[in-house]
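Next comes coords11.pdb, with PDB, C-alpha atoms.
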```pdb
ATOM      1  CA  MET A   1       2.757   6.406  -0.434
ATOM      2  CA  HIS A   2      -0.872   6.402  -1.421
ATOM      3  CA  GLY A   3      -1.192  10.039  -2.470
ATOM      4  CA  LEU A   4      -3.980  10.713   0.051
ATOM      5  CA  HIS A   5      -1.833  13.193   1.923
ATOM      6  CA  ALA A   6      -2.618  13.986   5.521
ATOM      7  CA  ARG A   7      -3.611  17.568   6.208
ATOM      8  CA  LEU A   8      -1.641  19.249   8.944
ATOM      9  CA  PRO A   9      -3.860  20.892  11.605
ATOM     10  CA  LYS A  10      -2.778  24.360  12.719
ATOM     11  CA  THR A  11      -2.204  23.062  16.240
ATOM     12  CA  PHE A  12      -0.068  20.138  15.037
ATOM     13  CA  ASN A  13       3.589  20.474  16.048
ATOM     14  CA  LEU A  14       5.380  17.856  13.960
ATOM     15  CA  GLU A  15       8.736  17.925  15.737
ATOM     16  CA  GLU A  16       7.098  17.831  19.154
ATOM     17  CA  ARG A  17       4.949  14.837  18.143
ATOM     18  CA  LEU A  18       7.900  12.929  16.733
ATOM     19  CA  GLU A  19       9.832  13.519  19.930
ATOM     20  CA  ARG A  20       6.906  12.697  22.226
ATOM     21  CA  TYR A  21       6.253   9.356  20.541
ATOM     22  CA  GLY A  22       9.878   8.570  19.766
ATOM     23  CA  ASP A  23       9.814   5.385  21.852
ATOM     24  CA  VAL A  24       7.762   3.599  19.159
ATOM     25  CA  ILE A  25       9.712   5.017  16.194
ATOM     26  CA  GLU A  26      12.674   2.959  14.975
ATOM     27  CA  LYS A  27      14.974   5.353  13.121
ATOM     28  CA  ASN A  28      17.674   2.768  12.419
ATOM     29  CA  PRO A  29      15.778  -0.292  11.137
ATOM     30  CA  GLY A  30      18.893  -1.811   9.619
ATOM     31  CA  ALA A  31      20.269  -2.359  13.128
ATOM     32  CA  LEU A  32      17.404  -4.788  13.851
ATOM     33  CA  ARG A  33      17.753  -6.688  10.596
ATOM     34  CA  GLY A  34      17.258 -10.376  11.361
ATOM     35  CA  HIS A  35      16.334  -9.731  15.005
ATOM     36  CA  TRP A  36      13.002  -7.892  14.936
ATOM     37  CA  ALA A  37      10.962 -10.653  16.629
ATOM     38  CA  GLU A  38      13.162 -10.822  19.716
ATOM     39  CA  ALA A  39      14.460  -7.235  19.820
ATOM     40  CA  CYS A  40      10.949  -5.746  19.941
ATOM     41  CA  ALA A  41       9.570  -8.220  22.487
ATOM     42  CA  LYS A  42       9.269  -7.152  26.109
ATOM     43  CA  ILE A  43      12.232  -8.057  28.312
ATOM     44  CA  GLY A  44      11.736 -11.584  29.585
ATOM     45  CA  SER A  45       9.057 -12.356  26.975
ATOM     46  CA  THR A  46       9.301 -14.889  24.171
ATOM     47  CA  PRO A  47       9.991 -13.470  20.686
ATOM     48  CA  PHE A  48       7.023 -12.591  18.507
ATOM     49  CA  SER A  49       5.775 -15.535  16.449
ATOM     50  CA  HIS A  50       5.383 -13.466  13.268
ATOM     51  CA  VAL A  51       6.674 -10.219  11.796
ATOM     52  CA  CYS A  52       4.247  -8.337   9.520
ATOM     53  CA  VAL A  53       4.845  -5.102   7.625
ATOM     54  CA  ASP A  54       2.310  -2.410   6.722
ATOM     55  CA  LEU A  55       3.994  -0.703   3.770
ATOM     56  CA  GLY A  56       2.691   2.837   3.375
ATOM     57  CA  CYS A  57       0.920   2.856   6.725
ATOM     58  CA  GLY A  58      -0.653   6.314   6.499
ATOM     59  CA  LYS A  59      -1.956   7.434   9.885
ATOM     60  CA  GLY A  60      -1.569   3.923  11.283
ATOM     61  CA  SER A  61      -5.185   2.882  11.874
ATOM     62  CA  PHE A  62      -4.741  -0.442  10.050
ATOM     63  CA  THR A  63      -1.518  -1.261  11.908
ATOM     64  CA  CYS A  64      -3.137  -0.494  15.270
ATOM     65  CA  ALA A  65      -6.252  -2.532  14.541
ATOM     66  CA  MET A  66      -4.200  -5.531  13.398
ATOM     67  CA  ALA A  67      -1.868  -5.267  16.407
ATOM     68  CA  LYS A  68      -4.831  -5.232  18.789
ATOM     69  CA  ALA A  69      -6.350  -8.268  17.071
ATOM     70  CA  HIS A  70      -3.085 -10.282  17.005
ATOM     71  CA  PRO A  71      -0.959  -9.578  20.108
ATOM     72  CA  GLU A  72       1.414 -12.467  19.313
ATOM     73  CA  THR A  73       2.490 -10.791  16.054
ATOM     74  CA  LEU A  74       4.826  -7.810  15.613
ATOM     75  CA  TYR A  75       3.493  -5.152  13.227
ATOM     76  CA  ILE A  76       5.911  -2.722  11.611
ATOM     77  CA  ALA A  77       4.371   0.369  10.021
ATOM     78  CA  ILE A  78       6.488   1.977   7.306
ATOM     79  CA  ASP A  79       5.912   5.334   5.615
ATOM     80  CA  THR A  80       7.979   8.067   3.982
ATOM     81  CA  GLU A  81       5.932  11.042   5.202
ATOM     82  CA  PRO A  82       6.919  12.502   8.599
ATOM     83  CA  ILE A  83       3.301  13.531   9.243
ATOM     84  CA  CYS A  84       2.151   9.937   8.814
ATOM     85  CA  ILE A  85       4.981   8.710  11.048
ATOM     86  CA  ALA A  86       3.872  11.133  13.771
ATOM     87  CA  TYR A  87       0.206  10.159  13.527
ATOM     88  CA  ALA A  88       0.926   6.410  13.444
ATOM     89  CA  ALA A  89       3.361   6.610  16.354
ATOM     90  CA  GLY A  90       0.839   8.611  18.365
ATOM     91  CA  ARG A  91      -1.885   6.040  17.769
ATOM     92  CA  ILE A  92       0.376   3.146  18.738
ATOM     93  CA  SER A  93       1.670   4.899  21.853
ATOM     94  CA  GLU A  94      -1.713   6.099  23.102
ATOM     95  CA  ALA A  95      -3.193   2.614  22.568
ATOM     96  CA  ASN A  96      -0.338   1.158  24.663
ATOM     97  CA  LEU A  97       0.455  -1.393  21.964
ATOM     98  CA  SER A  98       3.642  -3.301  22.721
ATOM     99  CA  ASN A  99       3.577  -5.215  19.429
ATOM    100  CA  ALA A 100       3.727  -2.320  16.959
ATOM    101  CA  VAL A 101       6.508   0.011  15.855
ATOM    102  CA  VAL A 102       6.886   2.712  13.185
ATOM    103  CA  VAL A 103       9.747   3.018  10.702
ATOM    104  CA  PRO A 104      10.429   6.169   8.640
ATOM    105  CA  GLY A 105      11.447   4.468   5.418
ATOM    106  CA  THR A 106      10.648   3.168   1.973
ATOM    107  CA  GLY A 107       9.721  -0.133   0.393
ATOM    108  CA  MET A 108      12.762   0.200  -1.843
ATOM    109  CA  LYS A 109      14.937  -0.640   1.167
ATOM    110  CA  LEU A 110      13.047  -3.572   2.685
ATOM    111  CA  ASP A 111      16.001  -5.873   2.064
ATOM    112  CA  GLU A 112      18.150  -3.441   4.065
ATOM    113  CA  TYR A 113      15.691  -3.440   6.969
ATOM    114  CA  PHE A 114      14.871  -7.167   7.068
ATOM    115  CA  ALA A 115      16.806 -10.406   6.728
ATOM    116  CA  LEU A 116      16.114 -13.372   4.479
ATOM    117  CA  GLY A 117      12.675 -14.834   5.223
ATOM    118  CA  GLU A 118      11.993 -12.496   8.150
ATOM    119  CA  ILE A 119       8.566 -11.180   7.055
ATOM    120  CA  THR A 120       5.438 -13.310   7.349
ATOM    121  CA  THR A 121       3.027 -10.905   5.638
ATOM    122  CA  LEU A 122       3.568  -7.711   3.672
ATOM    123  CA  TYR A 123       0.450  -5.532   3.496
ATOM    124  CA  ILE A 124       0.203  -3.021   0.645
ATOM    125  CA  ASN A 125      -2.960  -0.974   1.134
ATOM    126  CA  PHE A 126      -3.917   1.538  -1.547
ATOM    127  CA  PRO A 127      -0.461   2.391  -2.877
ATOM    128  CA  THR A 128       0.060   5.437  -5.061
ATOM    129  CA  PRO A 129      -0.648   4.228  -8.623
ATOM    130  CA  PHE A 130       1.928   6.427 -10.430
ATOM    131  CA  PRO A 131      -0.048   6.043 -13.684
ATOM    132  CA  ARG A 132       2.433   7.693 -16.055
ATOM    133  CA  LYS A 133       5.036   5.621 -17.849
ATOM    134  CA  ARG A 134       7.910   7.764 -16.587
ATOM    135  CA  GLN A 135       6.784   7.086 -12.994
ATOM    136  CA  ALA A 136       6.332   3.343 -13.428
ATOM    137  CA  HIS A 137       9.562   2.511 -11.593
ATOM    138  CA  LEU A 138       8.028   4.055  -8.453
ATOM    139  CA  ARG A 139       5.134   1.575  -8.304
ATOM    140  CA  VAL A 140       5.582  -0.696  -5.309
ATOM    141  CA  THR A 141       3.976  -3.550  -7.261
ATOM    142  CA  ASN A 142       6.214  -3.695 -10.322
ATOM    143  CA  ALA A 143       8.016  -6.980 -11.019
ATOM    144  CA  GLU A 144      11.394  -5.681  -9.905
ATOM    145  CA  ARG A 145       9.974  -4.787  -6.486
ATOM    146  CA  PHE A 146       8.223  -8.144  -6.232
ATOM    147  CA  MET A 147      11.571  -9.843  -6.865
ATOM    148  CA  GLN A 148      13.102  -7.732  -4.099
ATOM    149  CA  TYR A 149      10.321  -8.700  -1.678
ATOM    150  CA  ARG A 150      11.060 -12.393  -2.274
ATOM    151  CA  SER A 151      14.301 -11.990  -0.327
ATOM    152  CA  VAL A 152      12.575 -10.855   2.873
ATOM    153  CA  LEU A 153       9.427 -13.005   2.731
ATOM    154  CA  ALA A 154       9.277 -16.338   4.514
ATOM    155  CA  ASP A 155       8.915 -19.369   2.208
ATOM    156  CA  THR A 156       5.203 -19.465   3.006
ATOM    157  CA  GLY A 157       4.985 -15.684   3.421
ATOM    158  CA  THR A 158       2.353 -13.612   1.668
ATOM    159  CA  ILE A 159       1.820 -10.211   0.089
ATOM    160  CA  ARG A 160      -1.667  -8.737   0.366
ATOM    161  CA  LEU A 161      -2.634  -5.900  -1.959
ATOM    162  CA  LYS A 162      -5.752  -3.760  -1.831
ATOM    163  CA  THR A 163      -6.498  -0.903  -4.218
ATOM    164  CA  ASP A 164      -9.355   1.092  -5.703
ATOM    165  CA  SER A 165      -7.546   1.190  -9.061
ATOM    166  CA  GLN A 166      -8.546  -1.433 -11.627
ATOM    167  CA  PRO A 167      -5.612  -0.465 -13.905
ATOM    168  CA  LEU A 168      -3.100  -0.799 -11.050
ATOM    169  CA  TYR A 169      -4.673  -4.087  -9.952
ATOM    170  CA  ASP A 170      -4.454  -5.642 -13.436
ATOM    171  CA  PHE A 171      -0.914  -4.345 -13.848
ATOM    172  CA  SER A 172       0.078  -5.764 -10.439
ATOM    173  CA  CYS A 173      -1.374  -9.186 -11.282
ATOM    174  CA  GLU A 174       0.790  -9.352 -14.398
ATOM    175  CA  GLN A 175       3.872  -8.210 -12.514
ATOM    176  CA  ALA A 176       3.337 -10.772  -9.738
ATOM    177  CA  VAL A 177       3.226 -13.565 -12.319
ATOM    178  CA  ALA A 178       6.400 -12.242 -13.960
ATOM    179  CA  ALA A 179       8.156 -12.420 -10.574
ATOM    180  CA  GLY A 180       7.090 -16.033  -9.991
ATOM    181  CA  TYR A 181       4.369 -15.575  -7.378
ATOM    182  CA  GLU A 182       1.339 -17.821  -6.964
ATOM    183  CA  PHE A 183      -2.118 -16.452  -6.192
ATOM    184  CA  LEU A 184      -3.830 -17.682  -3.045
ATOM    185  CA  TRP A 185      -6.862 -15.551  -3.877
ATOM    186  CA  LYS A 186      -7.987 -12.650  -6.045
ATOM    187  CA  THR A 187     -10.985 -10.380  -5.652
ATOM    188  CA  ARG A 188     -12.583  -7.513  -7.522
ATOM    189  CA  ASP A 189     -14.890  -6.786  -4.592
ATOM    190  CA  ALA A 190     -13.074  -7.248  -1.290
ATOM    191  CA  HIS A 191     -15.973  -5.891   0.767
ATOM    192  CA  ALA A 192     -18.277  -8.592  -0.561
ATOM    193  CA  ASP A 193     -15.742 -11.427  -0.489
ATOM    194  CA  PHE A 194     -14.029 -10.556   2.809
ATOM    195  CA  PRO A 195     -16.562  -8.551   4.847
ATOM    196  CA  ASN A 196     -14.762  -9.223   8.130
ATOM    197  CA  ASP A 197     -11.379  -7.925   6.998
ATOM    198  CA  ILE A 198      -9.927  -5.045   8.990
ATOM    199  CA  ALA A 199     -10.076  -2.039   6.666
ATOM    200  CA  SER A 200      -7.461   0.682   6.330
ATOM    201  CA  GLU A 201      -8.509   4.329   6.540
ATOM    202  CA  TYR A 202      -8.109   4.643   2.778
ATOM    203  CA  GLU A 203     -10.300   1.615   2.139
ATOM    204  CA  GLU A 204     -13.050   3.110   4.293
ATOM    205  CA  ARG A 205     -12.735   6.565   2.757
ATOM    206  CA  LEU A 206     -12.637   5.522  -0.893
ATOM    207  CA  GLY A 207     -15.236   2.805  -0.340
ATOM    208  CA  ALA A 208     -17.599   5.497   0.953
ATOM    209  CA  GLN A 209     -16.997   7.371  -2.315
ATOM    210  CA  GLY A 210     -18.152   4.417  -4.398
ATOM    211  CA  ALA A 211     -14.915   2.502  -4.922
ATOM    212  CA  LYS A 212     -14.927  -1.242  -5.415
ATOM    213  CA  VAL A 213     -11.890  -2.570  -3.572
ATOM    214  CA  LEU A 214      -9.765  -4.967  -5.597
ATOM    215  CA  GLY A 215      -7.082  -7.149  -4.118
ATOM    216  CA  PHE A 216      -5.049 -10.322  -4.036
ATOM    217  CA  CYS A 217      -2.947 -12.479  -1.776
ATOM    218  CA  ILE A 218       0.209 -13.961  -3.317
ATOM    219  CA  THR A 219       3.024 -16.180  -2.098
ATOM    220  CA  PRO A 220       6.463 -16.807  -3.626
ATOM    221  CA  GLY A 221       6.428 -19.672  -6.110
ATOM    222  CA  GLN A 222       9.297 -20.891  -8.256
ATOM    223  CA  ALA A 223      11.648 -17.998  -8.885
ATOM    224  CA  PRO A 224      12.064 -17.072 -12.552
ATOM    225  CA  GLU A 225      15.135 -18.773 -13.965
ATOM    226  CA  HIS A 226      16.137 -15.740 -15.985
ATOM    227  CA  PHE A 227      14.395 -12.646 -14.635
ATOM    228  CA  SER A 228      14.660  -9.660 -16.916
ATOM    229  CA  PRO A 229      12.338  -6.799 -15.962
ATOM    230  CA  VAL A 230      10.333  -5.340 -18.808
ATOM    231  CA  GLU A 231       9.947  -1.583 -18.628
ATOM    232  CA  PRO A 232       6.389  -1.027 -17.351
ATOM    233  CA  GLY A 233       4.183   1.251 -19.410
ATOM    234  CA  SER A 234       1.396   3.662 -18.581
ATOM    235  CA  LEU A 235      -1.590   2.469 -16.560
ATOM    236  CA  VAL A 236      -3.731   3.984 -19.308
ATOM    237  CA  ASP A 237      -2.974   0.747 -21.181
ATOM    238  CA  TYR A 238      -5.013  -1.132 -18.561
ATOM    239  CA  LEU A 239      -8.148   1.002 -18.798
ATOM    240  CA  PRO A 240     -11.248  -0.510 -20.442
ATOM    241  CA  LYS A 241     -11.883   0.554 -24.033
ATOM    242  CA  ASP A 242     -15.263   2.045 -23.176
ATOM    243  CA  LEU A 243     -14.228   4.780 -20.755
ATOM    244  CA  GLU A 244     -17.736   6.193 -20.627
ATOM    245  CA  ALA A 245     -18.932   2.950 -19.036
ATOM    246  CA  LEU A 246     -16.746   3.507 -15.972
ATOM    247  CA  THR A 247     -18.788   3.876 -12.805
ATOM    248  CA  TYR A 248     -15.843   5.012 -10.694
ATOM    249  CA  LEU A 249     -12.672   6.936 -11.501
ATOM    250  CA  PRO A 250      -9.729   5.468  -9.555
ATOM    251  CA  HIS A 251      -7.665   7.732  -7.340
ATOM    252  CA  GLY A 252      -4.731   9.283  -9.174
ATOM    253  CA  MET A 253      -6.269   8.850 -12.637
ATOM    254  CA  GLU A 254      -9.326  11.103 -12.480
ATOM    255  CA  SER A 255      -7.958  13.945 -14.619
ATOM    256  CA  THR A 256      -6.343  11.558 -17.093
ATOM    257  CA  ILE A 257      -9.612   9.714 -17.742
ATOM    258  CA  LYS A 258     -11.644  12.938 -17.945
ATOM    259  CA  ASN A 259      -9.220  14.368 -20.502
ATOM    260  CA  MET A 260      -9.359  11.178 -22.570
ATOM    261  CA  ILE A 261     -13.172  11.268 -22.620
ATOM    262  CA  ASN A 262     -13.229  14.964 -23.469
ATOM    263  CA  ARG A 263     -10.746  14.531 -26.301
ATOM    264  CA  LYS A 264     -12.830  11.706 -27.686
ATOM    265  CA  ASN A 265     -16.026  13.710 -27.560
ATOM    266  CA  LYS A 266     -14.412  17.049 -28.401
ATOM    267  CA  LYS A 267     -16.485  18.677 -25.707
ATOM    268  CA  GLY A 268     -15.637  20.493 -22.520
ATOM    269  CA  HIS A 269     -18.237  18.667 -20.453
ATOM    270  CA  HIS A 270     -19.569  15.144 -20.348
ATOM    271  CA  HIS A 271     -21.397  12.725 -18.122
ATOM    272  CA  TRP A 272     -18.236  12.020 -16.075
ATOM    273  CA  LYS A 273     -19.280  14.961 -13.901
ATOM    274  CA  ASN A 274     -21.736  12.564 -12.248
ATOM    275  CA  VAL A 275     -19.345   9.639 -11.919
ATOM    276  CA  PRO A 276     -18.103   8.863  -8.368
ATOM    277  CA  GLN A 277     -14.394   9.421  -7.961
ATOM    278  CA  SER A 278     -11.853   9.536  -5.215
ATOM    279  CA  GLN A 279     -11.006  12.874  -3.621
ATOM    280  CA  GLU A 280      -7.916  14.193  -1.890
ATOM    281  CA  ALA A 281      -7.922  13.632   1.838
TER     282      ALA A 281
END
```
What is this file in structure tokens?
Amino acid sequence: MHGLHARLPKTFNLEERLERYGDVIEKNPGALRGHWAEACAKIGSTPFSHVCVDLGCGKGSFTCAMAKAHPETLYIAIDTEPICIAYAAGRISEANLSNAVVVPGTGMKLDEYFALGEITTLYINFPTPFPRKRQAHLRVTNAERFMQYRSVLADTGTIRLKTDSQPLYDFSCEQAVAAGYEFLWKTRDAHADFPNDIASEYEERLGAQGAKVLGFCITPGQAPEHFSPVEPGSLVDYLPKDLEALTYLPHGMESTIKNMINRKNKKGHHHWKNVPQSQEA
């Protein structure tokens, strides 16, 4: 989901891993729709008090850390990449976490996996920005997706976004407003404002490369009376006018920004060579 693709070690047997940790992988999430809290609880135990979703879970470190910190809450890690599913399932299984499960799936189908009001919190950590206009429909934070999420969020439920991309952040803020959400908080420096937050692996990695982490927490407000999605444009539209003043090039837009600066200066090289930027995992 986030474009920081996991490298596959030579000794990594994907099929064997998926089979070994199959007990914590839910391959038919639709079958649990509306019943996650009780279906995933231990036999004889009370249902989980909350159901939270880590959309685009990566290798599962964030899900595991949250599950350890909040044993009364069920955490569902969702990702499209089999490698990530295998890693996340392995972490959950080896940590003996009974309140976490992995789902091979996509955010586009959340309303097929979950019932009305079933999710307490939806975490979206460092999603792939899909900066080009023709890819805009794939962004998990466009207004159409936010409208879809309304159907599975509890009335007081929340969506928490974190990203290293200022263009994606500004775009997402606009889209959240268009879908009728209210902001509980916004930050352009999550490390400074929320130093005790549990960080995802991508937050730690990109933060070490100089990224300022931006984020927000939103909750469903009054639904738009007549929602009509506007076709989202390129994230280039959300870049600052003075590109040369950028101190960090957000993941997924490095080459785009470099090319824009080079075209402007009509040179093959410029000071962006010394600007911190995200790197492939």
Contact residues around Ser228 of chain A with only C-alpha atoms at 12 Å, ignoring same-chain residues under 6 positions, as a ChimeraX atom specification: /A:143-144,147,175,178-179
Any chance you could resolve the PyMOL selection byres ((chain A and resi 55) around 7) against this file and give the residues as a PDB file with C-alpha atoms, in the coordinates of the input?
```pdb
ATOM      1  CA  VAL A  53       4.845  -5.102   7.625  1.00  0.00           C
ATOM      2  CA  ASP A  54       2.310  -2.410   6.722  1.00  0.00           C
ATOM      3  CA  GLY A  56       2.691   2.837   3.375  1.00  0.00           C
ATOM      4  CA  CYS A  57       0.920   2.856   6.725  1.00  0.00           C
ATOM      5  CA  ALA A  77       4.371   0.369  10.021  1.00  0.00           C
ATOM      6  CA  ILE A  78       6.488   1.977   7.306  1.00  0.00           C
ATOM      7  CA  ASP A  79       5.912   5.334   5.615  1.00  0.00           C
ATOM      8  CA  GLY A 107       9.721  -0.133   0.393  1.00  0.00           C
ATOM      9  CA  TYR A 123       0.450  -5.532   3.496  1.00  0.00           C
ATOM     10  CA  ILE A 124       0.203  -3.021   0.645  1.00  0.00           C
TER      11      ILE A 124
END
```
Write out as a list in words each polymer residue whose atoms come within 12 Å of Ile92 of chain A, counting only C-alpha atoms; drop sequence neighbours fewer than 4 positions from it.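 Contacts, with the query itself left out: Tyr21, Gly22, Asp23, Val24, Ile25, Lys59, Gly60, Ser61, Phe62, Thr63, Cys64, Ala65, Met66, Ala67, Lys68, Tyr75, Ile76, Ala77, Ile85, Ala86, Tyr87, Ala88, Asn96, Leu97, Ser98, Asn99, Ala100, Val101 and Val102 of chain A.
Distance-wise, atom CA of Glu118 of chain A and atom CA of Thr219 of chain A end up 14.1 Å apart.
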To one decimal place, how far is atom CA of Ser234 of chain A from atom CA of Val140 of chain A in Å?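 These atoms are spaced 14.6 Å apart.
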How close does segment 137-237 of chain A get to segment 108-113 of chain A? List, as a tab-separated table, each residue of segment 137-237 of chain A within 12 Å, its nearest atom pair and the distance in Å to one decimal, counting all atoms listed in the file.
```
residue	atom	partner	partner_atom	distance
A:His137	CA	A:Met108	CA	10.5
A:Leu138	CA	A:Met108	CA	9.0
A:Arg139	CA	A:Met108	CA	10.1
A:Val140	CA	A:Met108	CA	8.0
A:Thr141	CA	A:Met108	CA	11.0
A:Asn142	CA	A:Met108	CA	11.4
A:Glu144	CA	A:Met108	CA	10.1
A:Arg145	CA	A:Met108	CA	7.4
A:Phe146	CA	A:Met108	CA	10.5
A:Met147	CA	A:Asp111	CA	10.7
A:Gln148	CA	A:Asp111	CA	7.1
A:Tyr149	CA	A:Leu110	CA	7.3
A:Arg150	CA	A:Asp111	CA	9.3
A:Ser151	CA	A:Asp111	CA	6.8
A:Val152	CA	A:Asp111	CA	6.1
A:Leu153	CA	A:Asp111	CA	9.7
```
Residues from the last selection, C-alpha atoms, saved as an mmCIF file, in the coordinates of the input:
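So the final result, stored in out36.cif, reads:
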```cif
data_model
loop_
_atom_site.group_PDB
_atom_site.id
_atom_site.type_symbol
_atom_site.label_atom_id
_atom_site.label_comp_id
_atom_site.auth_asym_id
_atom_site.auth_seq_id
_atom_site.Cartn_x
_atom_site.Cartn_y
_atom_site.Cartn_z
ATOM 1 C CA HIS A 137 9.562 2.511 -11.593
ATOM 2 C CA LEU A 138 8.028 4.055 -8.453
ATOM 3 C CA ARG A 139 5.134 1.575 -8.304
ATOM 4 C CA VAL A 140 5.582 -0.696 -5.309
ATOM 5 C CA THR A 141 3.976 -3.550 -7.261
ATOM 6 C CA ASN A 142 6.214 -3.695 -10.322
ATOM 7 C CA GLU A 144 11.394 -5.681 -9.905
ATOM 8 C CA ARG A 145 9.974 -4.787 -6.486
ATOM 9 C CA PHE A 146 8.223 -8.144 -6.232
ATOM 10 C CA MET A 147 11.571 -9.843 -6.865
ATOM 11 C CA GLN A 148 13.102 -7.732 -4.099
ATOM 12 C CA TYR A 149 10.321 -8.700 -1.678
ATOM 13 C CA ARG A 150 11.060 -12.393 -2.274
ATOM 14 C CA SER A 151 14.301 -11.990 -0.327
ATOM 15 C CA VAL A 152 12.575 -10.855 2.873
ATOM 16 C CA LEU A 153 9.427 -13.005 2.731
#
```
In terms of all atoms listed in the file, the residue from A:Tyr169, A:Gln135, A:Ala199, A:Trp36 at minimal distance from Ile119 of chain A is A:Trp36
Between atom CA of Asp155 of chain A and atom CA of Arg33 of chain A, what is the spacing in Å?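 That distance, rounded to one decimal, is 17.6 Å.
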Run the PyMOL selection byres ((chain A and resi 41) around 12) mentally over the shown coordinates, then write out the matched residues as a ChimeraX atom specification, using the chain letters and numbers from the document. /A:35-40,42-51,71-75,97-101
Excluding same-chain residues fewer than 4 positions from Leu161 of chain A, what lies within 6 Å of it counting all atoms listed in the file, as a list in words?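 Counting all atoms listed in the file, the residues come to Ile124, Asn125, Gly215 and Phe216 of chain A.
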Out of A:Lys266, A:Arg91, A:Lys186, A:Lys162, which residue has the shortest atom-to-atom distance to Pro129 of chain A when counting only C-alpha atoms? A:Lys162
What does the PyMOL selection byres ((chain A and resi 217) around 7) select in this file, as a VMD selection string? chain A and resid 158 to 161 183 to 186 216 218
Each segment 96-194 of chain A residue no farther than 10 Å from segment 81-84 of chain A, nearest pair in Å, only C-alpha atoms, as a tab-separated table:
```
residue	atom	partner	partner_atom	distance
A:Val102	CA	A:Cys84	CA	9.7
A:Pro104	CA	A:Pro82	CA	7.2
A:Gly105	CA	A:Glu81	CA	8.6
A:Thr106	CA	A:Glu81	CA	9.7
```
Prev. selection, C-alpha atoms, output as a PDB file, keeping the file's coordinate frame:
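File result-v3.pdb, as written:
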```pdb
ATOM      1  CA  VAL A 102       6.886   2.712  13.185  1.00  0.00           C
ATOM      2  CA  PRO A 104      10.429   6.169   8.640  1.00  0.00           C
ATOM      3  CA  GLY A 105      11.447   4.468   5.418  1.00  0.00           C
ATOM      4  CA  THR A 106      10.648   3.168   1.973  1.00  0.00           C
TER       5      THR A 106
END
```
For segment 187-200 of chain A, take all atoms listed in the file, fit an axis-aligned box around them, add 5 Å to each of the six sides, then output centre and edge lengths in Å rounded to one decimal, as JSON.
```
{"center_x": -12.9, "center_y": -5.4, "center_z": 0.7, "size_x": 20.8, "size_y": 22.1, "size_z": 26.5}
```
Taking all atoms listed in the file into account, name the residue in A:Leu249, A:Ile198, A:Val177, A:Leu239 that is nearest to Pro224 of chain A.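 Smallest separation from Pro224 of chain A among the options: A:Val177.
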